[in-house]
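> Following this message is one structure expressed as structure tokens.
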2 protein chains.
Amino acid sequence: MATSGSGRVRRGKKGETIAESIRFGPLEYWVGFNLRMAQEHAFQAFSRRSQEIGESPGRFATLTIIARNPGISQTELSHANGRDKSSLTPVVEDLVRRGLVERKRMREDRRTYRLNVTAAGKKTLTMLTRCARRHERVLDAIIGARDRKRFLQILKKIAAEIE
Amino acid sequence: MATSGSGRVRRGKKGETIAESIRFGPLEYWVGFNLRMAQEHAFQAFSRRSQEIGESPGRFATLTIIARNPGISQTELSHANGRDKSSLTPVVEDLVRRGLVERKRMREDRRTYRLNVTAAGKKTLTMLTRCARRHERVLDAIIGARDRKRFLQILKKIAAEIE
DNA sequence: AGGATATAGTTTGACGACAAACTAACTTGC
DNA sequence: GCAAGTTAGTTTGTCGTCAAACTATATCCT
């Protein structure tokens, strides 16, 4: 090994290594930063998990919302999912191409699509859901049963009320 | 207006519109999904805010960590910041180009850079910090003083313990 | 009826993220 | 002292995201 590896290191007078840890300053106790860190770590974990069954993690919420709201349009879906409608185009295209989702033009308004999950899509969704449940159990264990409900409420509140 | 706008809509027998709301199924009470939603909304809000002073939101954490840890290397910084070292290359390049950060090769190990914030960088950081504090106050108001500490602890716990 | 306006979805361009492959510098072990 | 392995940082390729411009439909108002 070239150096002692992870962690900050400083050299003393005689060349000995002195471990130093990172100072985060105000980031330490700011919600924004810690929210980002928590989300990204959790997302990475779920990402690895869903790769095991050969699916991209983002597909899960999309597929669930379509399944629970048959005939939903892409714009409604993008709002529900909290992303821009333009982000959805390639995702839906992929799901349709792989036969998991079916899309039909509406009769009354031919600009709009209706999205539905196919039988194959339901099968995939079942697997993804099992995968997500395992992920949730891990998160639950970290959060603890006592605080879970309140924690969830706060997350919802942030998403709903900010700006 | 072409239709009634946002919200789900279904047509009745006589063509009248019937509002329907989105069903989220299990997403409703899953931490992963709500964590993502909260983080993305909060990030968007901070993004708008930092655009007002002409900075990208990602620069803030980076600049703070460099300022608090003078001489830090890029790899240490990427760990502290929770991102891949390769993501950091263009960010540091940009900060150096704009004269906010200075980087020097280490004598003892010429692979490594030492990063430091310049005087101009400190000025920018001061503005960014003010901006972040306003953002934090909004978040604090949403979370509530009573739950804030516990909420933060849980976020840290998730980032630290998952996987 | 038809022009102004609004909406659904796509395209394009910029960015930030990761992972894997790469270069250059360092260390280890023989 | 040198080959083999390791580490710091960059490059490249892919992906997901947003925002703005675009198309095609649909509606509203006169």
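Please note that chains go A, B, ... in the order of the structure tokens, that every chain numbers its residues from 1, and that ligands are numbered from 1 in the order shown.
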Output, as a PDB file with C-alpha atoms, in the first residue's frame, the coordinates of chain A following least-squares superposition onto chain B across all in-order C-alpha pairs.

ATOM      1  CA  MET A   1     -57.740  25.413 -21.191  1.00  0.00           C
ATOM      2  CA  ALA A   2     -57.966  22.018 -22.791  1.00  0.00           C
ATOM      3  CA  THR A   3     -58.781  20.013 -19.671  1.00  0.00           C
ATOM      4  CA  SER A   4     -59.216  20.789 -16.030  1.00  0.00           C
ATOM      5  CA  GLY A   5     -55.461  20.896 -15.540  1.00  0.00           C
ATOM      6  CA  SER A   6     -53.676  19.015 -12.805  1.00  0.00           C
ATOM      7  CA  GLY A   7     -55.050  15.984 -11.024  1.00  0.00           C
ATOM      8  CA  ARG A   8     -56.461  12.797 -12.439  1.00  0.00           C
ATOM      9  CA  VAL A   9     -59.646  13.055 -14.423  1.00  0.00           C
ATOM     10  CA  ARG A  10     -62.137  10.490 -15.627  1.00  0.00           C
ATOM     11  CA  ARG A  11     -65.190  11.036 -17.817  1.00  0.00           C
ATOM     12  CA  GLY A  12     -68.615  10.103 -16.551  1.00  0.00           C
ATOM     13  CA  LYS A  13     -71.492   8.853 -18.730  1.00  0.00           C
ATOM     14  CA  LYS A  14     -72.530  12.333 -19.665  1.00  0.00           C
ATOM     15  CA  GLY A  15     -69.005  13.601 -20.227  1.00  0.00           C
ATOM     16  CA  GLU A  16     -68.734  15.331 -16.895  1.00  0.00           C
ATOM     17  CA  THR A  17     -65.236  15.310 -15.385  1.00  0.00           C
ATOM     18  CA  ILE A  18     -64.638  13.328 -12.227  1.00  0.00           C
ATOM     19  CA  ALA A  19     -61.473  14.130 -10.347  1.00  0.00           C
ATOM     20  CA  GLU A  20     -59.453  11.145  -9.256  1.00  0.00           C
ATOM     21  CA  SER A  21     -56.343  11.242  -7.172  1.00  0.00           C
ATOM     22  CA  ILE A  22     -53.287   9.157  -7.692  1.00  0.00           C
ATOM     23  CA  ARG A  23     -53.009   5.927  -5.763  1.00  0.00           C
ATOM     24  CA  PHE A  24     -49.480   5.271  -4.607  1.00  0.00           C
ATOM     25  CA  GLY A  25     -50.011   1.808  -3.224  1.00  0.00           C
ATOM     26  CA  PRO A  26     -47.112   0.679  -1.076  1.00  0.00           C
ATOM     27  CA  LEU A  27     -45.006   3.688  -2.084  1.00  0.00           C
ATOM     28  CA  GLU A  28     -47.219   5.677   0.251  1.00  0.00           C
ATOM     29  CA  TYR A  29     -45.626   4.342   3.391  1.00  0.00           C
ATOM     30  CA  TRP A  30     -42.198   3.275   2.150  1.00  0.00           C
ATOM     31  CA  VAL A  31     -39.221   5.179   3.407  1.00  0.00           C
ATOM     32  CA  GLY A  32     -37.121   4.843   0.249  1.00  0.00           C
ATOM     33  CA  PHE A  33     -39.649   6.564  -1.981  1.00  0.00           C
ATOM     34  CA  ASN A  34     -40.464   9.328   0.464  1.00  0.00           C
ATOM     35  CA  LEU A  35     -36.801   9.943   1.175  1.00  0.00           C
ATOM     36  CA  ARG A  36     -36.207  10.452  -2.520  1.00  0.00           C
ATOM     37  CA  MET A  37     -39.172  12.773  -2.883  1.00  0.00           C
ATOM     38  CA  ALA A  38     -38.201  14.880   0.124  1.00  0.00           C
ATOM     39  CA  GLN A  39     -34.587  15.130  -0.957  1.00  0.00           C
ATOM     40  CA  GLU A  40     -35.412  16.090  -4.515  1.00  0.00           C
ATOM     41  CA  HIS A  41     -37.924  18.740  -3.540  1.00  0.00           C
ATOM     42  CA  ALA A  42     -35.533  20.200  -0.985  1.00  0.00           C
ATOM     43  CA  PHE A  43     -32.699  20.119  -3.494  1.00  0.00           C
ATOM     44  CA  GLN A  44     -34.784  21.891  -6.122  1.00  0.00           C
ATOM     45  CA  ALA A  45     -35.651  24.599  -3.635  1.00  0.00           C
ATOM     46  CA  PHE A  46     -32.015  25.099  -2.700  1.00  0.00           C
ATOM     47  CA  SER A  47     -31.069  25.016  -6.353  1.00  0.00           C
ATOM     48  CA  ARG A  48     -33.398  27.904  -7.162  1.00  0.00           C
ATOM     49  CA  ARG A  49     -32.084  29.790  -4.173  1.00  0.00           C
ATOM     50  CA  SER A  50     -28.433  29.386  -5.070  1.00  0.00           C
ATOM     51  CA  GLN A  51     -29.085  30.316  -8.662  1.00  0.00           C
ATOM     52  CA  GLU A  52     -30.072  33.725  -7.382  1.00  0.00           C
ATOM     53  CA  ILE A  53     -26.453  34.284  -6.421  1.00  0.00           C
ATOM     54  CA  GLY A  54     -25.189  32.557  -9.547  1.00  0.00           C
ATOM     55  CA  GLU A  55     -23.800  29.410  -8.014  1.00  0.00           C
ATOM     56  CA  SER A  56     -24.556  25.776  -8.586  1.00  0.00           C
ATOM     57  CA  PRO A  57     -25.942  24.057  -5.461  1.00  0.00           C
ATOM     58  CA  GLY A  58     -23.374  21.289  -5.545  1.00  0.00           C
ATOM     59  CA  ARG A  59     -20.551  23.769  -5.117  1.00  0.00           C
ATOM     60  CA  PHE A  60     -21.626  24.597  -1.623  1.00  0.00           C
ATOM     61  CA  ALA A  61     -20.737  21.394   0.209  1.00  0.00           C
ATOM     62  CA  THR A  62     -17.534  21.060  -1.784  1.00  0.00           C
ATOM     63  CA  LEU A  63     -16.361  24.557  -0.973  1.00  0.00           C
ATOM     64  CA  THR A  64     -17.282  24.211   2.696  1.00  0.00           C
ATOM     65  CA  ILE A  65     -15.363  20.989   3.105  1.00  0.00           C
ATOM     66  CA  ILE A  66     -12.269  22.404   1.433  1.00  0.00           C
ATOM     67  CA  ALA A  67     -12.457  25.525   3.583  1.00  0.00           C
ATOM     68  CA  ARG A  68     -12.768  23.481   6.776  1.00  0.00           C
ATOM     69  CA  ASN A  69     -10.002  21.073   5.791  1.00  0.00           C
ATOM     70  CA  PRO A  70      -7.223  23.065   4.158  1.00  0.00           C
ATOM     71  CA  GLY A  71      -4.892  20.975   2.040  1.00  0.00           C
ATOM     72  CA  ILE A  72      -7.397  18.141   1.641  1.00  0.00           C
ATOM     73  CA  SER A  73      -6.879  15.877  -1.360  1.00  0.00           C
ATOM     74  CA  GLN A  74      -9.464  15.239  -4.047  1.00  0.00           C
ATOM     75  CA  THR A  75     -10.014  11.652  -2.982  1.00  0.00           C
ATOM     76  CA  GLU A  76     -10.540  12.592   0.663  1.00  0.00           C
ATOM     77  CA  LEU A  77     -12.911  15.289  -0.536  1.00  0.00           C
ATOM     78  CA  SER A  78     -14.877  12.860  -2.669  1.00  0.00           C
ATOM     79  CA  HIS A  79     -15.343  10.527   0.303  1.00  0.00           C
ATOM     80  CA  ALA A  80     -16.359  13.355   2.614  1.00  0.00           C
ATOM     81  CA  ASN A  81     -18.795  14.586   0.028  1.00  0.00           C
ATOM     82  CA  GLY A  82     -20.173  11.113  -0.659  1.00  0.00           C
ATOM     83  CA  ARG A  83     -19.409  11.006  -4.348  1.00  0.00           C
ATOM     84  CA  ASP A  84     -17.115   9.215  -6.684  1.00  0.00           C
ATOM     85  CA  LYS A  85     -13.723  10.821  -7.212  1.00  0.00           C
ATOM     86  CA  SER A  86     -14.330  11.003 -10.943  1.00  0.00           C
ATOM     87  CA  SER A  87     -17.348  13.268 -10.381  1.00  0.00           C
ATOM     88  CA  LEU A  88     -15.047  15.688  -8.659  1.00  0.00           C
ATOM     89  CA  THR A  89     -12.651  16.296 -11.522  1.00  0.00           C
ATOM     90  CA  PRO A  90     -14.833  18.740 -13.466  1.00  0.00           C
ATOM     91  CA  VAL A  91     -16.072  20.412 -10.282  1.00  0.00           C
ATOM     92  CA  VAL A  92     -12.585  21.148  -8.983  1.00  0.00           C
ATOM     93  CA  GLU A  93     -11.478  22.210 -12.453  1.00  0.00           C
ATOM     94  CA  ASP A  94     -14.322  24.717 -12.528  1.00  0.00           C
ATOM     95  CA  LEU A  95     -13.574  26.051  -9.045  1.00  0.00           C
ATOM     96  CA  VAL A  96      -9.896  26.468  -9.915  1.00  0.00           C
ATOM     97  CA  ARG A  97     -10.660  28.108 -13.237  1.00  0.00           C
ATOM     98  CA  ARG A  98     -12.874  30.636 -11.479  1.00  0.00           C
ATOM     99  CA  GLY A  99     -10.194  31.322  -8.889  1.00  0.00           C
ATOM    100  CA  LEU A 100     -12.174  30.079  -5.891  1.00  0.00           C
ATOM    101  CA  VAL A 101      -9.905  27.146  -5.129  1.00  0.00           C
ATOM    102  CA  GLU A 102      -6.186  26.645  -5.507  1.00  0.00           C
ATOM    103  CA  ARG A 103      -4.524  23.311  -6.026  1.00  0.00           C
ATOM    104  CA  LYS A 104      -0.920  22.321  -5.590  1.00  0.00           C
ATOM    105  CA  ARG A 105       0.891  19.052  -6.012  1.00  0.00           C
ATOM    106  CA  MET A 106       2.166  17.574  -2.775  1.00  0.00           C
ATOM    107  CA  ARG A 107       5.922  17.345  -2.445  1.00  0.00           C
ATOM    108  CA  GLU A 108       6.011  13.995  -0.729  1.00  0.00           C
ATOM    109  CA  ASP A 109       3.582  12.373  -3.137  1.00  0.00           C
ATOM    110  CA  ARG A 110       3.299  13.937  -6.508  1.00  0.00           C
ATOM    111  CA  ARG A 111       0.161  12.027  -7.455  1.00  0.00           C
ATOM    112  CA  THR A 112      -1.826  13.942  -4.855  1.00  0.00           C
ATOM    113  CA  TYR A 113      -3.188  17.470  -4.928  1.00  0.00           C
ATOM    114  CA  ARG A 114      -3.700  19.764  -1.952  1.00  0.00           C
ATOM    115  CA  LEU A 115      -6.816  21.904  -2.228  1.00  0.00           C
ATOM    116  CA  ASN A 116      -7.287  25.276  -0.594  1.00  0.00           C
ATOM    117  CA  VAL A 117      -9.922  27.968  -0.790  1.00  0.00           C
ATOM    118  CA  THR A 118      -8.671  31.341  -2.028  1.00  0.00           C
ATOM    119  CA  ALA A 119      -9.731  34.732  -0.685  1.00  0.00           C
ATOM    120  CA  ALA A 120     -12.260  35.009  -3.519  1.00  0.00           C
ATOM    121  CA  GLY A 121     -13.481  31.525  -2.654  1.00  0.00           C
ATOM    122  CA  LYS A 122     -14.041  32.567   0.943  1.00  0.00           C
ATOM    123  CA  LYS A 123     -16.135  35.490  -0.183  1.00  0.00           C
ATOM    124  CA  THR A 124     -18.276  33.247  -2.354  1.00  0.00           C
ATOM    125  CA  LEU A 125     -18.551  30.730   0.443  1.00  0.00           C
ATOM    126  CA  THR A 126     -19.836  33.420   2.790  1.00  0.00           C
ATOM    127  CA  MET A 127     -22.615  34.248   0.372  1.00  0.00           C
ATOM    128  CA  LEU A 128     -23.410  30.591  -0.209  1.00  0.00           C
ATOM    129  CA  THR A 129     -23.530  29.982   3.523  1.00  0.00           C
ATOM    130  CA  ARG A 130     -26.006  32.801   4.054  1.00  0.00           C
ATOM    131  CA  CYS A 131     -28.079  31.317   1.271  1.00  0.00           C
ATOM    132  CA  ALA A 132     -27.921  27.855   2.841  1.00  0.00           C
ATOM    133  CA  ARG A 133     -28.917  29.260   6.239  1.00  0.00           C
ATOM    134  CA  ARG A 134     -32.073  30.719   4.762  1.00  0.00           C
ATOM    135  CA  HIS A 135     -32.806  27.350   3.209  1.00  0.00           C
ATOM    136  CA  GLU A 136     -32.209  25.643   6.549  1.00  0.00           C
ATOM    137  CA  ARG A 137     -34.604  27.974   8.306  1.00  0.00           C
ATOM    138  CA  VAL A 138     -37.330  26.959   5.880  1.00  0.00           C
ATOM    139  CA  LEU A 139     -36.594  23.281   6.480  1.00  0.00           C
ATOM    140  CA  ASP A 140     -36.501  23.836  10.221  1.00  0.00           C
ATOM    141  CA  ALA A 141     -39.886  25.473  10.120  1.00  0.00           C
ATOM    142  CA  ILE A 142     -41.308  22.470   8.289  1.00  0.00           C
ATOM    143  CA  ILE A 143     -39.721  19.895  10.558  1.00  0.00           C
ATOM    144  CA  GLY A 144     -40.341  21.699  13.810  1.00  0.00           C
ATOM    145  CA  ALA A 145     -37.896  22.283  16.645  1.00  0.00           C
ATOM    146  CA  ARG A 146     -39.233  19.354  18.620  1.00  0.00           C
ATOM    147  CA  ASP A 147     -38.292  16.703  16.051  1.00  0.00           C
ATOM    148  CA  ARG A 148     -35.313  18.252  14.365  1.00  0.00           C
ATOM    149  CA  LYS A 149     -32.562  16.653  16.364  1.00  0.00           C
ATOM    150  CA  ARG A 150     -33.994  13.172  16.157  1.00  0.00           C
ATOM    151  CA  PHE A 151     -34.680  13.585  12.446  1.00  0.00           C
ATOM    152  CA  LEU A 152     -31.071  14.563  11.823  1.00  0.00           C
ATOM    153  CA  GLN A 153     -29.816  11.611  13.847  1.00  0.00           C
ATOM    154  CA  ILE A 154     -31.855   9.219  11.759  1.00  0.00           C
ATOM    155  CA  LEU A 155     -30.593  10.710   8.502  1.00  0.00           C
ATOM    156  CA  LYS A 156     -27.013  10.304   9.715  1.00  0.00           C
ATOM    157  CA  LYS A 157     -27.722   6.801  10.842  1.00  0.00           C
ATOM    158  CA  ILE A 158     -29.090   5.841   7.434  1.00  0.00           C
ATOM    159  CA  ALA A 159     -26.081   7.275   5.615  1.00  0.00           C
ATOM    160  CA  ALA A 160     -23.686   5.540   7.972  1.00  0.00           C
ATOM    161  CA  GLU A 161     -25.266   2.153   8.408  1.00  0.00           C
ATOM    162  CA  ILE A 162     -26.885   1.170   5.176  1.00  0.00           C
ATOM    163  CA  GLU A 163     -25.005  -1.681   3.481  1.00  0.00           C
TER     164      GLU A 163
END
> Could you give me, as JSON lines, a per-residue list for chain C showing, wherever an atom lies at most 12 Å from an atom of chain A, the closest pair of atoms and their distance in Å to one decimal, using only C-alpha atoms (C1' of nucleotides) and sorting by chain then residue number from low to high?

{"residue": "C:DT7", "atom": "C1'", "partner": "A:Arg111", "partner_atom": "CA", "distance": 8.4}
{"residue": "C:DA8", "atom": "C1'", "partner": "A:Arg111", "partner_atom": "CA", "distance": 5.1}
{"residue": "C:DG9", "atom": "C1'", "partner": "A:Arg111", "partner_atom": "CA", "distance": 7.2}
{"residue": "C:DT10", "atom": "C1'", "partner": "A:Thr89", "partner_atom": "CA", "distance": 7.3}
{"residue": "C:DT11", "atom": "C1'", "partner": "A:Ser86", "partner_atom": "CA", "distance": 8.9}
{"residue": "C:DT12", "atom": "C1'", "partner": "A:Ser86", "partner_atom": "CA", "distance": 10.8}
{"residue": "C:DA17", "atom": "C1'", "partner": "A:Glu40", "partner_atom": "CA", "distance": 10.5}
{"residue": "C:DC18", "atom": "C1'", "partner": "A:Gln44", "partner_atom": "CA", "distance": 10.1}
{"residue": "C:DA25", "atom": "C1'", "partner": "A:Ala2", "partner_atom": "CA", "distance": 10.0}
{"residue": "C:DC26", "atom": "C1'", "partner": "A:Ala2", "partner_atom": "CA", "distance": 6.0}
{"residue": "C:DT27", "atom": "C1'", "partner": "A:Ala2", "partner_atom": "CA", "distance": 5.2}
{"residue": "C:DT28", "atom": "C1'", "partner": "A:Met1", "partner_atom": "CA", "distance": 7.6}
{"residue": "C:DG29", "atom": "C1'", "partner": "A:Met1", "partner_atom": "CA", "distance": 12.0}
> Which of segment 38-129 of chain A counts as strand (DSSP E or B) under DSSP, as an MDAnalysis selection string please?
chainID A and resid 72 101:105 113:117
> Output C-alpha atoms for every residue in that selection, as an mmCIF file, in the first residue's frame.

data_model
loop_
_atom_site.group_PDB
_atom_site.id
_atom_site.type_symbol
_atom_site.label_atom_id
_atom_site.label_comp_id
_atom_site.auth_asym_id
_atom_site.auth_seq_id
_atom_site.Cartn_x
_atom_site.Cartn_y
_atom_site.Cartn_z
ATOM 1 C CA ILE A 72 -52.895 7.113 -16.130
ATOM 2 C CA VAL A 101 -46.292 -1.481 -20.101
ATOM 3 C CA GLU A 102 -48.822 -0.852 -22.827
ATOM 4 C CA ARG A 103 -49.794 2.554 -24.090
ATOM 5 C CA LYS A 104 -52.793 3.613 -26.102
ATOM 6 C CA ARG A 105 -53.939 6.952 -27.398
ATOM 7 C CA TYR A 113 -51.664 8.342 -23.765
ATOM 8 C CA ARG A 114 -53.212 5.840 -21.373
ATOM 9 C CA LEU A 115 -50.655 3.637 -19.647
ATOM 10 C CA ASN A 116 -51.312 0.151 -18.353
ATOM 11 C CA VAL A 117 -49.154 -2.594 -16.927
#
> Once you count only C-alpha atoms (C1' of nucleotides), which residues of chain D turn out to be within 6 Å of chain B? Could you give them as a ChimeraX atom specification?
/D:8,26-27
> Find the residues around DC29 of chain D up to 12 Å (only C-alpha atoms (C1' of nucleotides) counted), leave out those fewer than 6 positions away in its own chain, and share them as number ranges by chain.
B: 1; C: 1-5
> Generate a file of the selected residues that holds N, CA and C atoms (P, O5', C5', C4', C3', O3' and C1' of nucleotides), formatted as a tab-separated table (two decimals), in the first residue's frame.

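Result file is again-v8.tsv:
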chain	number	residue	atom	x	y	z
B	1	MET	N	-58.40	26.97	-21.54
B	1	MET	CA	-57.75	25.73	-21.06
B	1	MET	C	-58.35	24.51	-21.76
C	1	DA	P	-67.71	26.06	-39.11
C	1	DA	O5'	-67.83	27.56	-39.74
C	1	DA	C5'	-67.17	28.00	-40.88
C	1	DA	C4'	-66.22	29.10	-40.53
C	1	DA	C3'	-64.76	28.64	-40.41
C	1	DA	O3'	-63.99	29.67	-41.01
C	1	DA	C1'	-65.39	29.68	-38.39
C	2	DG	P	-62.63	29.42	-41.67
C	2	DG	O5'	-61.68	30.23	-40.70
C	2	DG	C5'	-62.04	31.55	-40.28
C	2	DG	C4'	-61.20	31.92	-39.07
C	2	DG	C3'	-59.83	31.20	-39.04
C	2	DG	O3'	-58.91	32.09	-38.44
C	2	DG	C1'	-60.97	30.72	-37.10
C	3	DG	P	-57.47	32.35	-39.15
C	3	DG	O5'	-56.71	33.20	-38.02
C	3	DG	C5'	-57.24	34.46	-37.62
C	3	DG	C4'	-57.06	34.65	-36.12
C	3	DG	C3'	-55.64	34.39	-35.63
C	3	DG	O3'	-55.35	35.34	-34.61
C	3	DG	C1'	-57.14	32.99	-34.48
C	4	DA	P	-53.87	35.49	-34.00
C	4	DA	O5'	-54.13	35.18	-32.46
C	4	DA	C5'	-55.06	35.98	-31.72
C	4	DA	C4'	-55.28	35.36	-30.35
C	4	DA	C3'	-53.98	35.06	-29.59
C	4	DA	O3'	-54.18	35.40	-28.22
C	4	DA	C1'	-55.24	33.07	-29.83
C	5	DT	P	-52.98	35.27	-27.15
C	5	DT	O5'	-53.31	33.94	-26.34
C	5	DT	C5'	-54.66	33.63	-26.02
C	5	DT	C4'	-54.76	32.25	-25.41
C	5	DT	C3'	-53.51	31.79	-24.62
C	5	DT	O3'	-53.97	31.28	-23.39
C	5	DT	C1'	-54.11	30.13	-26.16
> One decimal, in Å: what's the spacing between atom C1' of DA21 of chain D and atom C1' of DA6 of chain C?
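Result for atom C1' of DA21 of chain D versus atom C1' of DA6 of chain C: 15.9 Å, one decimal.
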